[in-house]
>>> print(open('structure.cif').read())   # mmCIF, C-alpha atoms
data_my_file
#
loop_
_atom_site.group_PDB
_atom_site.id
_atom_site.type_symbol
_atom_site.label_atom_id
_atom_site.label_comp_id
_atom_site.auth_asym_id
_atom_site.auth_seq_id
_atom_site.Cartn_x
_atom_site.Cartn_y
_atom_site.Cartn_z
ATOM 1 C CA MET A 1 0.000 0.000 0.000
ATOM 2 C CA LYS A 2 2.831 2.373 0.893
ATOM 3 C CA LYS A 3 4.503 1.747 -2.454
ATOM 4 C CA LEU A 4 1.258 2.489 -4.280
ATOM 5 C CA ILE A 5 0.837 5.810 -2.445
ATOM 6 C CA ILE A 6 4.456 6.774 -3.155
ATOM 7 C CA ALA A 7 4.067 5.825 -6.829
ATOM 8 C CA CYS A 8 0.887 7.939 -7.059
ATOM 9 C CA MET A 9 2.636 10.883 -5.420
ATOM 10 C CA VAL A 10 5.602 10.619 -7.797
ATOM 11 C CA ALA A 11 3.241 10.455 -10.783
ATOM 12 C CA PHE A 12 1.275 13.463 -9.513
ATOM 13 C CA VAL A 13 4.438 15.514 -8.909
ATOM 14 C CA SER A 14 5.812 14.672 -12.359
ATOM 15 C CA LEU A 15 2.496 15.660 -13.965
ATOM 16 C CA ALA A 16 2.511 18.948 -12.063
ATOM 17 C CA ALA A 17 6.106 19.595 -13.104
ATOM 18 C CA ASN A 18 5.244 18.977 -16.752
ATOM 19 C CA ALA A 19 2.377 21.444 -16.530
ATOM 20 C CA GLN A 20 4.802 24.347 -16.129
ATOM 21 C CA LYS A 21 5.208 26.114 -19.455
ATOM 22 C CA PHE A 22 7.852 28.683 -20.271
ATOM 23 C CA ALA A 23 8.927 30.793 -23.199
ATOM 24 C CA LEU A 24 11.737 33.056 -24.283
ATOM 25 C CA ILE A 25 11.728 36.497 -25.798
ATOM 26 C CA ASP A 26 14.570 38.561 -27.201
ATOM 27 C CA MET A 27 13.895 42.130 -26.064
ATOM 28 C CA GLU A 28 16.787 43.456 -28.125
ATOM 29 C CA TYR A 29 15.318 41.883 -31.273
ATOM 30 C CA ILE A 30 11.813 43.098 -30.432
ATOM 31 C CA MET A 31 12.935 46.672 -29.777
ATOM 32 C CA LYS A 32 15.014 46.784 -32.978
ATOM 33 C CA ASN A 33 11.893 45.855 -34.926
ATOM 34 C CA ILE A 34 9.769 48.649 -33.463
ATOM 35 C CA PRO A 35 10.282 51.822 -35.537
ATOM 36 C CA ALA A 36 9.094 54.087 -32.701
ATOM 37 C CA TYR A 37 11.889 52.736 -30.495
ATOM 38 C CA GLU A 38 14.505 53.464 -33.154
ATOM 39 C CA ARG A 39 13.121 56.994 -33.601
ATOM 40 C CA ALA A 40 13.143 57.561 -29.841
ATOM 41 C CA ASN A 41 16.761 56.402 -29.610
ATOM 42 C CA GLU A 42 17.762 58.676 -32.483
ATOM 43 C CA GLN A 43 16.025 61.606 -30.801
ATOM 44 C CA LEU A 44 17.792 60.824 -27.519
ATOM 45 C CA ASN A 45 21.160 60.642 -29.283
ATOM 46 C CA GLN A 46 20.616 64.022 -30.934
ATOM 47 C CA VAL A 47 19.578 65.691 -27.683
ATOM 48 C CA SER A 48 22.466 64.043 -25.849
ATOM 49 C CA LYS A 49 25.000 65.313 -28.402
ATOM 50 C CA LYS A 50 23.554 68.832 -28.197
ATOM 51 C CA TRP A 51 23.697 68.873 -24.410
ATOM 52 C CA GLN A 52 27.174 67.330 -24.376
ATOM 53 C CA ALA A 53 28.370 70.119 -26.679
ATOM 54 C CA GLU A 54 26.963 72.710 -24.256
ATOM 55 C CA VAL A 55 28.752 71.103 -21.311
ATOM 56 C CA GLU A 56 32.014 70.812 -23.261
ATOM 57 C CA ALA A 57 31.784 74.457 -24.349
ATOM 58 C CA LEU A 58 31.471 75.547 -20.723
ATOM 59 C CA SER A 59 34.348 73.259 -19.670
ATOM 60 C CA ASN A 60 36.524 74.553 -22.501
ATOM 61 C CA GLU A 61 35.724 78.104 -21.490
ATOM 62 C CA ALA A 62 36.859 77.327 -17.943
ATOM 63 C CA ALA A 63 40.056 75.704 -19.272
ATOM 64 C CA THR A 64 40.781 78.753 -21.436
ATOM 65 C CA MET A 65 40.191 81.050 -18.478
ATOM 66 C CA TYR A 66 42.642 78.962 -16.425
ATOM 67 C CA LYS A 67 45.335 79.065 -19.153
ATOM 68 C CA ASN A 68 44.950 82.824 -19.450
ATOM 69 C CA TYR A 69 45.145 83.113 -15.675
ATOM 70 C CA GLN A 70 48.395 81.125 -15.603
ATOM 71 C CA ASN A 71 49.897 83.390 -18.260
ATOM 72 C CA GLU A 72 48.842 86.570 -16.433
ATOM 73 C CA VAL A 73 49.268 85.526 -12.797
ATOM 74 C CA VAL A 74 52.621 87.273 -12.319
ATOM 75 C CA PHE A 75 51.142 90.580 -13.467
ATOM 76 C CA LEU A 76 48.011 90.425 -11.296
ATOM 77 C CA SER A 77 47.466 91.897 -7.856
ATOM 78 C CA GLN A 78 46.263 89.685 -5.009
ATOM 79 C CA GLU A 79 42.661 90.892 -5.455
ATOM 80 C CA GLN A 80 42.776 90.295 -9.210
ATOM 81 C CA ARG A 81 44.160 86.779 -8.680
ATOM 82 C CA LYS A 82 41.420 85.980 -6.224
ATOM 83 C CA ALA A 83 38.744 87.377 -8.545
ATOM 84 C CA LYS A 84 40.070 85.370 -11.515
ATOM 85 C CA GLN A 85 40.340 82.188 -9.420
ATOM 86 C CA GLU A 86 36.762 82.616 -8.236
ATOM 87 C CA ALA A 87 35.568 83.224 -11.800
ATOM 88 C CA ILE A 88 37.349 80.069 -12.985
ATOM 89 C CA MET A 89 35.940 78.011 -10.119
ATOM 90 C CA LYS A 90 32.454 79.362 -10.802
ATOM 91 C CA LYS A 91 32.743 78.460 -14.490
ATOM 92 C CA GLU A 92 33.922 74.924 -13.598
ATOM 93 C CA LYS A 93 31.070 74.585 -11.116
ATOM 94 C CA ASP A 94 28.596 75.805 -13.732
ATOM 95 C CA ALA A 95 29.903 73.163 -16.162
ATOM 96 C CA GLY A 96 29.545 70.455 -13.502
ATOM 97 C CA ASP A 97 26.061 71.633 -12.572
ATOM 98 C CA LEU A 98 24.992 71.681 -16.206
ATOM 99 C CA LYS A 99 26.372 68.169 -16.710
ATOM 100 C CA LYS A 100 24.472 66.974 -13.649
ATOM 101 C CA LYS A 101 21.303 68.733 -14.826
ATOM 102 C CA TYR A 102 21.427 67.040 -18.216
ATOM 103 C CA PHE A 103 23.062 63.683 -17.489
ATOM 104 C CA GLY A 104 22.593 63.075 -13.753
ATOM 105 C CA PRO A 105 20.485 60.264 -12.281
ATOM 106 C CA GLU A 106 17.376 62.456 -12.319
ATOM 107 C CA GLY A 107 18.594 64.625 -15.178
ATOM 108 C CA GLU A 108 16.907 65.822 -18.325
ATOM 109 C CA LEU A 109 18.200 62.897 -20.425
ATOM 110 C CA TYR A 110 16.769 60.395 -17.943
ATOM 111 C CA LYS A 111 13.403 62.176 -17.974
ATOM 112 C CA LYS A 112 13.390 62.360 -21.766
ATOM 113 C CA ARG A 113 14.283 58.666 -22.016
ATOM 114 C CA GLU A 114 11.457 57.842 -19.633
ATOM 115 C CA SER A 115 8.941 59.881 -21.609
ATOM 116 C CA LEU A 116 9.970 58.405 -24.968
ATOM 117 C CA ILE A 117 10.851 54.797 -24.208
ATOM 118 C CA ALA A 118 8.725 53.873 -21.177
ATOM 119 C CA PRO A 119 5.460 53.784 -23.196
ATOM 120 C CA ILE A 120 7.080 51.467 -25.754
ATOM 121 C CA GLN A 121 8.403 49.179 -23.023
ATOM 122 C CA GLU A 122 4.966 49.164 -21.392
ATOM 123 C CA ALA A 123 3.335 48.146 -24.683
ATOM 124 C CA VAL A 124 5.876 45.333 -25.138
ATOM 125 C CA TYR A 125 5.309 44.152 -21.568
ATOM 126 C CA ASN A 126 1.544 44.113 -22.112
ATOM 127 C CA ALA A 127 1.947 42.177 -25.376
ATOM 128 C CA VAL A 128 4.208 39.628 -23.659
ATOM 129 C CA LYS A 129 1.666 39.310 -20.872
ATOM 130 C CA GLU A 130 -1.207 38.799 -23.348
ATOM 131 C CA VAL A 131 0.682 36.140 -25.308
ATOM 132 C CA SER A 132 1.728 34.431 -22.072
ATOM 133 C CA GLU A 133 -1.805 34.344 -20.714
ATOM 134 C CA LEU A 134 -3.185 33.180 -24.066
ATOM 135 C CA ARG A 135 -0.648 30.357 -24.352
ATOM 136 C CA GLY A 136 -0.547 29.504 -20.632
ATOM 137 C CA TYR A 137 3.098 30.352 -19.967
ATOM 138 C CA SER A 138 3.998 30.639 -16.323
ATOM 139 C CA LEU A 139 7.485 32.004 -17.006
ATOM 140 C CA VAL A 140 8.943 34.168 -19.771
ATOM 141 C CA LEU A 141 12.690 34.791 -19.860
ATOM 142 C CA ASP A 142 14.525 37.468 -21.803
ATOM 143 C CA ARG A 143 17.209 35.905 -23.971
ATOM 144 C CA ALA A 144 18.907 39.305 -24.465
ATOM 145 C CA SER A 145 19.496 39.846 -20.755
ATOM 146 C CA ASP A 146 22.360 38.159 -18.979
ATOM 147 C CA THR A 147 20.411 35.151 -17.682
ATOM 148 C CA GLY A 148 22.947 32.482 -18.512
ATOM 149 C CA ILE A 149 20.835 30.767 -21.177
ATOM 150 C CA ILE A 150 23.242 28.658 -23.188
ATOM 151 C CA PHE A 151 20.785 27.067 -25.591
ATOM 152 C CA ALA A 152 17.079 27.394 -26.224
ATOM 153 C CA SER A 153 14.979 25.862 -28.935
ATOM 154 C CA PRO A 154 13.510 28.386 -31.374
ATOM 155 C CA LYS A 155 10.152 26.730 -30.636
ATOM 156 C CA VAL A 156 10.003 28.455 -27.236
ATOM 157 C CA ASP A 157 10.939 31.915 -28.585
ATOM 158 C CA ILE A 158 7.774 34.037 -28.813
ATOM 159 C CA SER A 159 9.482 37.270 -29.918
ATOM 160 C CA ASN A 160 7.823 37.302 -33.354
ATOM 161 C CA GLU A 161 4.439 36.590 -31.800
ATOM 162 C CA VAL A 162 4.913 39.549 -29.445
ATOM 163 C CA LEU A 163 5.862 41.758 -32.405
ATOM 164 C CA ALA A 164 2.770 40.580 -34.283
ATOM 165 C CA ARG A 165 0.618 41.386 -31.246
ATOM 166 C CA LEU A 166 2.104 44.905 -31.321
ATOM 167 C CA GLY A 167 1.322 45.208 -35.031
ATOM 168 C CA TYR A 168 4.844 44.692 -36.348
ATOM 169 C CA SER A 169 5.236 41.471 -38.270
ATOM 170 C CA ASN A 170 8.245 40.117 -40.113
#
>>> encode(input="structure.cif", output="structure tokens")
Amino acid sequence: MKKLIIACMVAFVSLAANAQKFALIDMEYIMKNIPAYERANEQLNQVSKKWQAEVEALSNEAATMYKNYQNEVVFLSQEQRKAKQEAIMKKEKDAGDLKKKYFGPEGELYKKRESLIAPIQEAVYNAVKEVSELRGYSLVLDRASDTGIIFASPKVDISNEVLARLGYSN
């Protein structure tokens, strides 16, 4: 009797284990196939280059002021030296503040990225969720992230199905 109960339990556990379904997606592939994502990235790159040029211009201005100061320092009075040093330090601080404003953790680039890319990521997440619920997947892994997936059958990759759900088919 004990053996029969154990055999039934083993059979039940193996059936429950087989019921788990999983799939893979490749977020990098999905995002590359969404034109809005490419446009958003291009827009972010343009804004980033513009802001970087502004920061570099301010930094270069501070560097030029410092070089001029070094050339003139022997001819300056104590008050003039102090005034020039303060002006240089202020310019360097302004450059640092501008860099932080644009590129800091809560900077303008972060906010712009959030406003442009977050809606696309949300739509992809919702499409993955819909496909998963429709097909009964209990787990979906991202092949593009560093999950340590060495091999996966193309049969479990639902990236194209997610793209189709979003209206982008290959």
>>> resolve_selection(input="structure.cif", expression="the PyMOL selection byres ((chain A and resi 160) around 10)", output="ChimeraX atom specification")
/A:25-26,29-30,33,157-159,161-166,168-170
>>> atom_distance(input="structure.cif", atom1="CA of Lys93 (chain A)", atom2="CA of Tyr66 (chain A)")
13.5 Å
>>> atom_distance(input="structure.cif", atom1="CA of Gln78 (chain A)", atom2="CA of Ala95 (chain A)")
25.8 Å
>>> residues_around(input="structure.cif", residues="Val55 (chain A)", least_positions_apart="5", cutoff="8 Å", atoms="all atoms listed in the file", output="PyMOL selection string")
chain A and resi 95-96+98-99
>>> closest_residue(input="structure.cif", among="A:Glu28, A:Lys21, A:Ala40, A:Gly148", to="Ala118 (chain A)", atoms="only C-alpha atoms")
A:Ala40
>>> atom_distance(input="structure.cif", atom1="CA of Ser138 (chain A)", atom2="CA of Val124 (chain A)")
17.2 Å
>>> closest_residue(input="structure.cif", among="A:Ala23, A:Lys49, A:Leu109, A:Ile150", to="Glu133 (chain A)", atoms="all atoms listed in the file")
A:Ala23
>>> residues_near_point(input="structure.cif", point="(37.4, 76.1, -19.3)", cutoff="12 Å", atoms="all atoms listed in the file", output="list in words")
Val55, Glu56, Ala57, Leu58, Ser59, Asn60, Glu61, Ala62, Ala63, Thr64, Met65, Tyr66, Lys67, Asn68, Tyr69, Gln85, Ala87, Ile88, Met89, Lys90, Lys91, Glu92, Lys93, Asp94, Ala95 and Gly96 of chain A
>>> write_last_selection(input="structure.cif", atoms="C-alpha atoms", output="PDB file, keeping the file's coordinate frame")
ATOM      1  CA  VAL A  55      28.752  71.103 -21.311  1.00  0.00           C
ATOM      2  CA  GLU A  56      32.014  70.812 -23.261  1.00  0.00           C
ATOM      3  CA  ALA A  57      31.784  74.457 -24.349  1.00  0.00           C
ATOM      4  CA  LEU A  58      31.471  75.547 -20.723  1.00  0.00           C
ATOM      5  CA  SER A  59      34.348  73.259 -19.670  1.00  0.00           C
ATOM      6  CA  ASN A  60      36.524  74.553 -22.501  1.00  0.00           C
ATOM      7  CA  GLU A  61      35.724  78.104 -21.490  1.00  0.00           C
ATOM      8  CA  ALA A  62      36.859  77.327 -17.943  1.00  0.00           C
ATOM      9  CA  ALA A  63      40.056  75.704 -19.272  1.00  0.00           C
ATOM     10  CA  THR A  64      40.781  78.753 -21.436  1.00  0.00           C
ATOM     11  CA  MET A  65      40.191  81.050 -18.478  1.00  0.00           C
ATOM     12  CA  TYR A  66      42.642  78.962 -16.425  1.00  0.00           C
ATOM     13  CA  LYS A  67      45.335  79.065 -19.153  1.00  0.00           C
ATOM     14  CA  ASN A  68      44.950  82.824 -19.450  1.00  0.00           C
ATOM     15  CA  TYR A  69      45.145  83.113 -15.675  1.00  0.00           C
ATOM     16  CA  GLN A  85      40.340  82.188  -9.420  1.00  0.00           C
ATOM     17  CA  ALA A  87      35.568  83.224 -11.800  1.00  0.00           C
ATOM     18  CA  ILE A  88      37.349  80.069 -12.985  1.00  0.00           C
ATOM     19  CA  MET A  89      35.940  78.011 -10.119  1.00  0.00           C
ATOM     20  CA  LYS A  90      32.454  79.362 -10.802  1.00  0.00           C
ATOM     21  CA  LYS A  91      32.743  78.460 -14.490  1.00  0.00           C
ATOM     22  CA  GLU A  92      33.922  74.924 -13.598  1.00  0.00           C
ATOM     23  CA  LYS A  93      31.070  74.585 -11.116  1.00  0.00           C
ATOM     24  CA  ASP A  94      28.596  75.805 -13.732  1.00  0.00           C
ATOM     25  CA  ALA A  95      29.903  73.163 -16.162  1.00  0.00           C
ATOM     26  CA  GLY A  96      29.545  70.455 -13.502  1.00  0.00           C
TER      27      GLY A  96
END
>>> axis_aligned_box(input="structure.cif", around="region 155-162 of chain A", padding_each_side="4 Å", output="lines of an AutoDock Vina configuration file")
center_x = 7.7
center_y = 33.1
center_z = -30.3
size_x = 14.5
size_y = 20.8
size_z = 14.1
>>> resolve_selection(input="structure.cif", expression="the PyMOL selection byres ((chain A and resi 143) around 8)", output="number ranges by chain")
A: 24-27, 141-142, 144-147, 149
>>> resolve_selection(input="structure.cif", expression="the PyMOL selection byres ((chain A and resi 47) around 12)", output="MDAnalysis selection string")
chainID A and resid 40:46 48:54 102:103 108:110 112:113
>>> closest_residue(input="structure.cif", among="A:Val73, A:Tyr125, A:Lys32, A:Gly136", to="Gln20 (chain A)", atoms="only C-alpha atoms")
A:Gly136
>>> closest_residue(input="structure.cif", among="A:Met31, A:Glu72, A:Ile117, A:Ala123", to="Lys84 (chain A)", atoms="all atoms listed in the file")
A:Glu72
>>> decode(input="structure.cif", residues="region 34-77 of chain A", atoms="C-alpha atoms", output="short mmCIF file (atom, residue, chain, number, x, y, z; two decimals), in the first residue's frame")
data_model
loop_
_atom_site.label_atom_id
_atom_site.label_comp_id
_atom_site.auth_asym_id
_atom_site.auth_seq_id
_atom_site.Cartn_x
_atom_site.Cartn_y
_atom_site.Cartn_z
CA ILE A 34 9.77 48.65 -33.46
CA PRO A 35 10.28 51.82 -35.54
CA ALA A 36 9.09 54.09 -32.70
CA TYR A 37 11.89 52.74 -30.49
CA GLU A 38 14.50 53.46 -33.15
CA ARG A 39 13.12 56.99 -33.60
CA ALA A 40 13.14 57.56 -29.84
CA ASN A 41 16.76 56.40 -29.61
CA GLU A 42 17.76 58.68 -32.48
CA GLN A 43 16.02 61.61 -30.80
CA LEU A 44 17.79 60.82 -27.52
CA ASN A 45 21.16 60.64 -29.28
CA GLN A 46 20.62 64.02 -30.93
CA VAL A 47 19.58 65.69 -27.68
CA SER A 48 22.47 64.04 -25.85
CA LYS A 49 25.00 65.31 -28.40
CA LYS A 50 23.55 68.83 -28.20
CA TRP A 51 23.70 68.87 -24.41
CA GLN A 52 27.17 67.33 -24.38
CA ALA A 53 28.37 70.12 -26.68
CA GLU A 54 26.96 72.71 -24.26
CA VAL A 55 28.75 71.10 -21.31
CA GLU A 56 32.01 70.81 -23.26
CA ALA A 57 31.78 74.46 -24.35
CA LEU A 58 31.47 75.55 -20.72
CA SER A 59 34.35 73.26 -19.67
CA ASN A 60 36.52 74.55 -22.50
CA GLU A 61 35.72 78.10 -21.49
CA ALA A 62 36.86 77.33 -17.94
CA ALA A 63 40.06 75.70 -19.27
CA THR A 64 40.78 78.75 -21.44
CA MET A 65 40.19 81.05 -18.48
CA TYR A 66 42.64 78.96 -16.43
CA LYS A 67 45.33 79.07 -19.15
CA ASN A 68 44.95 82.82 -19.45
CA TYR A 69 45.15 83.11 -15.67
CA GLN A 70 48.39 81.12 -15.60
CA ASN A 71 49.90 83.39 -18.26
CA GLU A 72 48.84 86.57 -16.43
CA VAL A 73 49.27 85.53 -12.80
CA VAL A 74 52.62 87.27 -12.32
CA PHE A 75 51.14 90.58 -13.47
CA LEU A 76 48.01 90.43 -11.30
CA SER A 77 47.47 91.90 -7.86
#
